[in-house]
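File shown here: entry.pdb, holding PDB, C-alpha atoms, pLDDT in the B column.
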ATOM      1  CA  MET A   1     168.151  71.576  65.524  1.00 51.00           C
ATOM      2  CA  ARG A   2     164.883  69.854  65.129  1.00 52.00           C
ATOM      3  CA  ARG A   3     161.790  71.749  64.237  1.00 55.00           C
ATOM      4  CA  THR A   4     158.290  70.659  65.077  1.00 54.00           C
ATOM      5  CA  ALA A   5     155.342  71.144  62.820  1.00 52.00           C
ATOM      6  CA  PRO A   6     152.996  73.897  63.857  1.00 52.00           C
ATOM      7  CA  ARG A   7     149.951  72.690  65.699  1.00 54.00           C
ATOM      8  CA  ALA A   8     146.522  73.245  64.341  1.00 51.00           C
ATOM      9  CA  ALA A   9     144.555  75.907  66.140  1.00 50.00           C
ATOM     10  CA  ALA A  10     142.280  74.432  68.716  1.00 51.00           C
ATOM     11  CA  VAL A  11     138.639  74.781  67.872  1.00 53.00           C
ATOM     12  CA  ALA A  12     136.616  75.997  70.780  1.00 53.00           C
ATOM     13  CA  GLU A  13     133.667  73.813  71.527  1.00 54.00           C
ATOM     14  CA  PRO A  14     130.453  75.657  72.391  1.00 53.00           C
ATOM     15  CA  GLU A  15     129.710  75.552  76.082  1.00 55.00           C
ATOM     16  CA  PRO A  16     126.488  73.922  77.104  1.00 53.00           C
ATOM     17  CA  GLU A  17     123.764  76.407  78.039  1.00 55.00           C
ATOM     18  CA  GLN A  18     123.459  77.032  81.743  1.00 55.00           C
ATOM     19  CA  THR A  19     120.048  76.864  83.280  1.00 56.00           C
ATOM     20  CA  ALA A  20     120.957  78.766  86.442  1.00 58.00           C
ATOM     21  CA  ALA A  21     119.165  82.055  87.116  1.00 59.00           C
ATOM     22  CA  PRO A  22     121.066  85.204  86.183  1.00 62.00           C
ATOM     23  CA  ALA A  23     122.924  87.000  88.969  1.00 63.00           C
ATOM     24  CA  PRO A  24     120.781  89.607  90.714  1.00 62.00           C
ATOM     25  CA  ALA A  25     121.348  93.198  89.643  1.00 61.00           C
ATOM     26  CA  PRO A  26     123.407  95.215  92.101  1.00 60.00           C
ATOM     27  CA  ALA A  27     121.347  97.259  94.513  1.00 57.00           C
ATOM     28  CA  PRO A  28     121.145 100.917  93.505  1.00 56.00           C
ATOM     29  CA  ALA A  29     123.420 103.086  95.605  1.00 55.00           C
ATOM     30  CA  ALA A  30     121.535 105.074  98.170  1.00 56.00           C
ATOM     31  CA  ALA A  31     121.419 108.697  97.166  1.00 63.00           C
ATOM     32  CA  ALA A  32     123.809 110.571  99.405  1.00 70.00           C
ATOM     33  CA  GLN A  33     122.059 113.298 101.309  1.00 74.00           C
ATOM     34  CA  PRO A  34     123.804 116.651 100.963  1.00 84.00           C
ATOM     35  CA  LEU A  35     125.272 118.107 104.124  1.00 84.00           C
ATOM     36  CA  ARG A  36     122.872 120.585 105.627  1.00 86.00           C
ATOM     37  CA  THR A  37     124.828 123.697 106.629  1.00 91.00           C
ATOM     38  CA  GLU A  38     122.082 126.228 107.404  1.00 95.00           C
ATOM     39  CA  PHE A  39     119.311 125.929 109.959  1.00 95.00           C
ATOM     40  CA  GLU A  40     116.283 128.158 110.395  1.00 96.00           C
ATOM     41  CA  PHE A  41     115.111 129.241 113.825  1.00 97.00           C
ATOM     42  CA  GLU A  42     112.427 131.358 115.456  1.00 97.00           C
ATOM     43  CA  LEU A  43     113.397 133.450 118.496  1.00 97.00           C
ATOM     44  CA  PRO A  44     111.087 133.177 121.525  1.00 97.00           C
ATOM     45  CA  ARG A  45     110.832 136.974 121.950  1.00 97.00           C
ATOM     46  CA  GLY A  46     112.648 138.524 119.023  1.00 97.00           C
ATOM     47  CA  TYR A  47     115.288 141.163 118.511  1.00 98.00           C
ATOM     48  CA  VAL A  48     113.958 144.722 118.546  1.00 97.00           C
ATOM     49  CA  ASP A  49     115.931 147.061 116.275  1.00 96.00           C
ATOM     50  CA  ASP A  50     116.349 150.841 116.672  1.00 95.00           C
ATOM     51  CA  SER A  51     113.123 151.543 114.749  1.00 96.00           C
ATOM     52  CA  GLY A  52     111.090 149.180 116.967  1.00 96.00           C
ATOM     53  CA  THR A  53     110.777 146.370 114.415  1.00 97.00           C
ATOM     54  CA  VAL A  54     110.798 142.882 115.955  1.00 98.00           C
ATOM     55  CA  HIS A  55     112.921 140.280 114.139  1.00 98.00           C
ATOM     56  CA  ARG A  56     112.227 136.648 115.080  1.00 97.00           C
ATOM     57  CA  HIS A  57     112.943 134.428 112.082  1.00 98.00           C
ATOM     58  CA  GLY A  58     116.600 133.734 111.367  1.00 97.00           C
ATOM     59  CA  VAL A  59     119.177 131.372 109.934  1.00 97.00           C
ATOM     60  CA  MET A  60     122.271 129.960 111.596  1.00 97.00           C
ATOM     61  CA  ARG A  61     125.027 128.194 109.682  1.00 96.00           C
ATOM     62  CA  LEU A  62     127.312 125.445 110.918  1.00 96.00           C
ATOM     63  CA  ALA A  63     130.348 126.794 112.730  1.00 96.00           C
ATOM     64  CA  THR A  64     133.856 126.247 111.450  1.00 95.00           C
ATOM     65  CA  ALA A  65     136.992 125.823 113.522  1.00 95.00           C
ATOM     66  CA  ARG A  66     137.878 129.400 112.572  1.00 96.00           C
ATOM     67  CA  ASP A  67     134.543 130.630 113.950  1.00 95.00           C
ATOM     68  CA  GLU A  68     135.451 129.154 117.320  1.00 93.00           C
ATOM     69  CA  LEU A  69     139.097 130.285 117.307  1.00 95.00           C
ATOM     70  CA  VAL A  70     138.857 133.900 116.106  1.00 94.00           C
ATOM     71  CA  PRO A  71     136.721 135.129 119.039  1.00 94.00           C
ATOM     72  CA  LEU A  72     139.417 133.948 121.461  1.00 94.00           C
ATOM     73  CA  ARG A  73     141.615 136.817 120.194  1.00 95.00           C
ATOM     74  CA  ASP A  74     138.859 139.385 120.805  1.00 94.00           C
ATOM     75  CA  MET A  75     139.755 141.707 123.708  1.00 95.00           C
ATOM     76  CA  ARG A  76     136.180 141.596 125.040  1.00 94.00           C
ATOM     77  CA  VAL A  77     136.382 137.795 125.280  1.00 95.00           C
ATOM     78  CA  GLN A  78     139.820 137.935 126.900  1.00 95.00           C
ATOM     79  CA  GLU A  79     138.491 140.355 129.529  1.00 96.00           C
ATOM     80  CA  ASN A  80     135.220 138.466 130.039  1.00 95.00           C
ATOM     81  CA  PRO A  81     135.048 134.829 128.791  1.00 94.00           C
ATOM     82  CA  ALA A  82     131.241 134.919 129.026  1.00 91.00           C
ATOM     83  CA  TYR A  83     131.312 137.242 126.001  1.00 94.00           C
ATOM     84  CA  LEU A  84     132.544 134.351 123.828  1.00 96.00           C
ATOM     85  CA  SER A  85     129.039 133.155 122.958  1.00 95.00           C
ATOM     86  CA  VAL A  86     127.976 136.666 121.894  1.00 97.00           C
ATOM     87  CA  VAL A  87     130.903 137.020 119.478  1.00 96.00           C
ATOM     88  CA  LEU A  88     130.526 133.442 118.233  1.00 97.00           C
ATOM     89  CA  LEU A  89     126.794 133.777 117.574  1.00 97.00           C
ATOM     90  CA  GLY A  90     127.444 137.053 115.780  1.00 97.00           C
ATOM     91  CA  ARG A  91     129.623 135.090 113.348  1.00 97.00           C
ATOM     92  CA  VAL A  92     127.282 132.150 112.635  1.00 97.00           C
ATOM     93  CA  ILE A  93     123.873 133.842 112.452  1.00 98.00           C
ATOM     94  CA  THR A  94     123.564 134.696 108.766  1.00 97.00           C
ATOM     95  CA  ARG A  95     120.067 136.207 108.724  1.00 98.00           C
ATOM     96  CA  LEU A  96     117.670 137.668 111.234  1.00 98.00           C
ATOM     97  CA  GLY A  97     114.388 139.069 110.012  1.00 97.00           C
ATOM     98  CA  THR A  98     114.962 141.935 107.613  1.00 96.00           C
ATOM     99  CA  LEU A  99     118.243 143.090 109.146  1.00 97.00           C
ATOM    100  CA  PRO A 100     120.854 143.770 106.463  1.00 95.00           C
ATOM    101  CA  LEU A 101     123.669 142.451 108.674  1.00 96.00           C
ATOM    102  CA  VAL A 102     123.888 140.373 111.858  1.00 96.00           C
ATOM    103  CA  HIS A 103     126.926 140.940 114.076  1.00 96.00           C
ATOM    104  CA  ASP A 104     127.895 140.647 117.741  1.00 95.00           C
ATOM    105  CA  GLY A 105     126.374 144.077 118.459  1.00 95.00           C
ATOM    106  CA  VAL A 106     122.975 142.699 117.463  1.00 97.00           C
ATOM    107  CA  VAL A 107     123.445 139.585 119.604  1.00 97.00           C
ATOM    108  CA  GLU A 108     124.514 141.563 122.694  1.00 96.00           C
ATOM    109  CA  ASN A 109     121.282 143.572 122.520  1.00 97.00           C
ATOM    110  CA  MET A 110     119.002 140.525 122.421  1.00 98.00           C
ATOM    111  CA  PHE A 111     116.816 139.541 125.335  1.00 98.00           C
ATOM    112  CA  ALA A 112     118.408 137.009 127.683  1.00 97.00           C
ATOM    113  CA  SER A 113     115.811 134.357 126.767  1.00 97.00           C
ATOM    114  CA  ASP A 114     116.679 134.723 123.064  1.00 98.00           C
ATOM    115  CA  LEU A 115     120.405 134.493 123.823  1.00 97.00           C
ATOM    116  CA  ALA A 116     119.826 131.312 125.859  1.00 97.00           C
ATOM    117  CA  PHE A 117     117.728 129.884 123.013  1.00 97.00           C
ATOM    118  CA  LEU A 118     120.473 130.632 120.476  1.00 97.00           C
ATOM    119  CA  GLN A 119     123.189 129.131 122.683  1.00 96.00           C
ATOM    120  CA  ASP A 120     121.179 125.915 122.977  1.00 95.00           C
ATOM    121  CA  PHE A 121     120.374 125.952 119.259  1.00 95.00           C
ATOM    122  CA  TYR A 122     124.089 126.383 118.465  1.00 96.00           C
ATOM    123  CA  ARG A 123     124.913 123.324 120.595  1.00 95.00           C
ATOM    124  CA  GLN A 124     122.172 121.274 118.937  1.00 93.00           C
ATOM    125  CA  VAL A 125     123.304 122.161 115.419  1.00 93.00           C
ATOM    126  CA  ASN A 126     127.063 121.926 115.906  1.00 92.00           C
ATOM    127  CA  ALA A 127     127.575 119.270 118.559  1.00 86.00           C
ATOM    128  CA  GLU A 128     124.723 116.855 118.070  1.00 66.00           C
ATOM    129  CA  GLY A 129     124.192 117.329 114.356  1.00 56.00           C
ATOM    130  CA  HIS A 130     120.441 117.771 114.462  1.00 57.00           C
ATOM    131  CA  THR A 131     117.846 120.128 115.818  1.00 57.00           C
ATOM    132  CA  ARG A 132     115.483 117.596 117.385  1.00 63.00           C
ATOM    133  CA  ALA A 133     115.069 117.201 121.114  1.00 64.00           C
ATOM    134  CA  ALA A 134     113.499 114.346 123.063  1.00 70.00           C
ATOM    135  CA  VAL A 135     110.810 115.575 125.436  1.00 77.00           C
ATOM    136  CA  THR A 136     108.045 114.104 127.568  1.00 82.00           C
ATOM    137  CA  CYS A 137     104.456 115.311 127.567  1.00 86.00           C
ATOM    138  CA  PRO A 138     103.713 116.866 130.969  1.00 86.00           C
ATOM    139  CA  HIS A 139     100.103 115.573 130.855  1.00 86.00           C
ATOM    140  CA  CYS A 140     100.284 111.995 129.576  1.00 91.00           C
ATOM    141  CA  GLU A 141     104.024 111.437 130.154  1.00 87.00           C
ATOM    142  CA  GLU A 142     104.486 110.015 126.633  1.00 86.00           C
ATOM    143  CA  PRO A 143     107.931 110.670 125.130  1.00 83.00           C
ATOM    144  CA  PHE A 144     108.207 112.316 121.712  1.00 75.00           C
ATOM    145  CA  GLU A 145     110.598 114.455 119.669  1.00 73.00           C
ATOM    146  CA  VAL A 146     110.241 118.099 118.727  1.00 71.00           C
ATOM    147  CA  GLU A 147     111.992 119.951 115.947  1.00 64.00           C
ATOM    148  CA  LEU A 148     113.764 123.000 117.328  1.00 57.00           C
ATOM    149  CA  GLY A 149     114.868 124.461 114.024  1.00 52.00           C
ATOM    150  CA  GLY A 150     112.421 126.089 111.688  1.00 46.00           C
ATOM    151  CA  SER A 151     109.368 125.680 113.875  1.00 41.00           C
ATOM    152  CA  ARG A 152     107.652 128.058 116.212  1.00 39.00           C
ATOM    153  CA  LEU A 153     108.053 127.393 119.904  1.00 38.00           C
ATOM    154  CA  GLY A 154     105.415 125.081 121.307  1.00 38.00           C
ATOM    155  CA  GLU A 155     104.738 123.392 117.982  1.00 38.00           C
ATOM    156  CA  SER A 156     105.816 119.835 117.330  1.00 35.00           C
TER     157      SER A 156
END

As structure tokens - that is how I would like this structure written.
Amino acid sequence: MRRTAPRAAAVAEPEPEQTAAPAPAPAPAAAAQPLRTEFEFELPRGYVDDSGTVHRHGVMRLATARDELVPLRDMRVQENPAYLSVVLLGRVITRLGTLPLVHDGVVENMFASDLAFLQDFYRQVNAEGHTRAAVTCPHCEEPFEVELGGSRLGES
């Protein structure tokens, strides 16, 4: 068998300097906005408790699938499907004024205009993902957006 002599290690030649501009730095990643799960609201009239105190400012959280499924087993909802929104709102409203606890009994004793407001607010928060509404000025007919959550009615 014939053996060959080992080769000498190749010497690396220095590469000529490149005059091209350095590659641009990668763009910084946009800071991910945290998911907003609670939304403040102001009732048009307000809930009046047993002592006569009016509670207007509240907080509603995003609904879960469980929030929408559990009320369907409630006997009141089975007897009267219109009661669904009362039970559902009682689950997702986390604060109302200085009340220690918000439940469906509180919601069922609200004024009809406040219930309608909360039903619309629930749809805005859970279905559309925001609490802004497009409206048109009745005087100049210019379109603009209003924030429904966290602002007093009539303010933009």

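Minimum atom-to-atom distances from A:Val106, A:Cys140, A:Val146, A:Ile93 to Asp50 (chain A) were compared using all atoms listed in the file, and the lowest value belongs to A:Val106.
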
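The result of the PyMOL selection byres ((chain A and resi 55) around 7) on the shown file is Gly46, Tyr47, Val48, Thr53, Val54, Arg56, His57, Leu96 and Gly97 of chain A.
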
Item checked: d(CA of Phe121 (chain A), CA of Arg66 (chain A)) in Å ->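 Between these atoms lies a distance of 19.1 Å.
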
Checklist line | Computed interatomic separation between CA of Arg61 (chain A) and CA of Gln33 (chain A) (Å) | finding: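 According to the coordinates, CA of Arg61 (chain A) and CA of Gln33 (chain A) are separated by 17.3 Å.
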
Next item on the list: Kindly give the distance, in Å, that separates CA of Asp74 (chain A) and CA of Asp104 (chain A), rounded to a single decimal.
Entry: 11.5 Å

Margin query: Which residues would end up in the selection if the PyMOL selection byres ((chain A and resi 35) around 12) were applied here, given that I need the answer as a list of chain:residue names?
Written below: A:Ala32, A:Gln33, A:Pro34, A:Arg36, A:Thr37, A:Glu38, A:Phe39, A:Arg61, A:Leu62, A:Gly129, A:His130

Note to self: Applying 9 Å and only C-alpha atoms, which residues near Ala134 (chain A) remain after dropping the ones on its own chain fewer than 4 positions away? List them as a list in words.
What the structure shows: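 Result of the neighbour search: Pro143, Phe144, Glu145 and Val146 of chain A.
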
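Residue nearest Glu42 (chain A), chosen from A:Arg123, A:Arg76, A:His103, A:Arg95 and counting only C-alpha atoms: A:Arg95.
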
Checklist line | Residue with smallest distance to Phe117 (chain A) - pool A:Asp49, A:Val77, A:Leu89, A:Pro100, counting all atoms listed in the file | finding: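 Checking each candidate against Phe117 (chain A), we get A:Leu89 as the closest.
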
Margin query: What would the selection look like, as a count of residues only, if the PyMOL selection byres ((chain A and resi 116) around 12) were run on the coordinates I just shared?
Written below: 21

Please enclose the listed atoms of region 78-93 of chain A in an axis-aligned box, pad each side by 4 Å, and write out the centre and the three edge lengths in Å, rounded to one decimal, as lines of an AutoDock Vina configuration file.
center_x = 131.8
center_y = 136.3
center_z = 121.2
size_x = 23.9
size_y = 16.2
size_z = 25.6

Check: Which one is closest to Leu101 (chain A): A:Gly58, A:Pro138, A:Pro71, A:Pro81? Count only C-alpha atoms.
Finding: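 Of A:Gly58, A:Pro138, A:Pro71, A:Pro81, the one nearest Leu101 (chain A) is A:Gly58, counting only C-alpha atoms.
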
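Take the candidates A:Glu68, A:Arg73, A:Gly52, A:Gly105 and check each one against Leu88 (chain A) using all atoms listed in the file; the shortest distance goes to A:Glu68.
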
Generate the missing atoms of region 46-57 of chain A up to all heavy atoms and report them as a tab-separated table (two decimals), in the coordinates of the input.
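Generated output (result_4.tsv):
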chain	number	residue	atom	x	y	z
A	46	GLY	N	112.29	137.77	120.22
A	46	GLY	CA	112.65	138.52	119.02
A	46	GLY	C	113.55	139.69	119.34
A	46	GLY	O	113.48	140.29	120.41
A	47	TYR	N	114.39	140.02	118.38
A	47	TYR	CA	115.29	141.16	118.51
A	47	TYR	C	114.55	142.41	118.06
A	47	TYR	O	113.94	142.44	116.98
A	47	TYR	CB	116.53	140.94	117.64
A	47	TYR	CG	117.40	142.15	117.51
A	47	TYR	CD1	118.19	142.59	118.56
A	47	TYR	CD2	117.42	142.88	116.33
A	47	TYR	CE1	118.98	143.72	118.45
A	47	TYR	CE2	118.22	144.01	116.19
A	47	TYR	CZ	118.99	144.42	117.26
A	47	TYR	OH	119.77	145.54	117.15
A	48	VAL	N	114.62	143.46	118.87
A	48	VAL	CA	113.96	144.72	118.55
A	48	VAL	C	115.03	145.70	118.08
A	48	VAL	O	115.94	146.04	118.84
A	48	VAL	CB	113.20	145.30	119.77
A	48	VAL	CG1	112.51	146.60	119.38
A	48	VAL	CG2	112.21	144.28	120.31
A	49	ASP	N	114.92	146.14	116.81
A	49	ASP	CA	115.93	147.06	116.28
A	49	ASP	C	115.64	148.50	116.71
A	49	ASP	O	114.67	148.76	117.43
A	49	ASP	CB	116.06	146.93	114.76
A	49	ASP	CG	114.82	147.37	113.99
A	49	ASP	OD1	113.95	148.06	114.56
A	49	ASP	OD2	114.73	147.01	112.80
A	50	ASP	N	116.47	149.44	116.26
A	50	ASP	CA	116.35	150.84	116.67
A	50	ASP	C	115.02	151.48	116.26
A	50	ASP	O	114.55	152.41	116.92
A	50	ASP	CB	117.51	151.67	116.10
A	50	ASP	CG	118.84	151.26	116.69
A	50	ASP	OD1	118.85	150.74	117.83
A	50	ASP	OD2	119.88	151.48	116.02
A	51	SER	N	114.40	150.98	115.19
A	51	SER	CA	113.12	151.54	114.75
A	51	SER	C	111.92	150.87	115.41
A	51	SER	O	110.78	151.24	115.14
A	51	SER	CB	113.00	151.44	113.23
A	51	SER	OG	112.90	150.09	112.84
A	52	GLY	N	112.17	149.87	116.27
A	52	GLY	CA	111.09	149.18	116.97
A	52	GLY	C	110.59	147.93	116.27
A	52	GLY	O	109.66	147.28	116.75
A	53	THR	N	111.18	147.57	115.15
A	53	THR	CA	110.78	146.37	114.42
A	53	THR	C	111.30	145.13	115.15
A	53	THR	O	112.45	145.09	115.57
A	53	THR	CB	111.35	146.39	112.98
A	53	THR	OG1	110.91	147.58	112.32
A	53	THR	CG2	110.89	145.17	112.19
A	54	VAL	N	110.42	144.13	115.29
A	54	VAL	CA	110.80	142.88	115.96
A	54	VAL	C	111.20	141.87	114.89
A	54	VAL	O	110.46	141.63	113.93
A	54	VAL	CB	109.63	142.33	116.80
A	54	VAL	CG1	110.02	141.01	117.46
A	54	VAL	CG2	109.21	143.35	117.85
A	55	HIS	N	112.38	141.28	115.07
A	55	HIS	CA	112.92	140.28	114.14
A	55	HIS	C	113.00	138.95	114.87
A	55	HIS	O	113.71	138.83	115.87
A	55	HIS	CB	114.32	140.69	113.66
A	55	HIS	CG	114.35	142.05	113.03
A	55	HIS	ND1	114.10	142.26	111.69
A	55	HIS	CD2	114.60	143.27	113.56
A	55	HIS	CE1	114.20	143.54	111.43
A	55	HIS	NE2	114.51	144.19	112.55
A	56	ARG	N	112.26	137.95	114.40
A	56	ARG	CA	112.23	136.65	115.08
A	56	ARG	C	112.78	135.51	114.24
A	56	ARG	O	113.40	134.60	114.77
A	56	ARG	CB	110.79	136.31	115.49
A	56	ARG	CG	110.25	137.27	116.54
A	56	ARG	CD	108.89	136.90	117.01
A	56	ARG	NE	108.97	135.68	117.80
A	56	ARG	CZ	107.94	134.86	117.99
A	56	ARG	NH1	106.79	135.13	117.46
A	56	ARG	NH2	108.09	133.79	118.72
A	57	HIS	N	112.54	135.54	112.95
A	57	HIS	CA	112.94	134.43	112.08
A	57	HIS	C	114.38	134.64	111.62
A	57	HIS	O	114.74	135.72	111.15
A	57	HIS	CB	112.02	134.33	110.87
A	57	HIS	CG	112.33	133.17	109.99
A	57	HIS	ND1	111.96	131.89	110.32
A	57	HIS	CD2	112.99	133.08	108.83
A	57	HIS	CE1	112.38	131.06	109.38
A	57	HIS	NE2	113.01	131.77	108.46
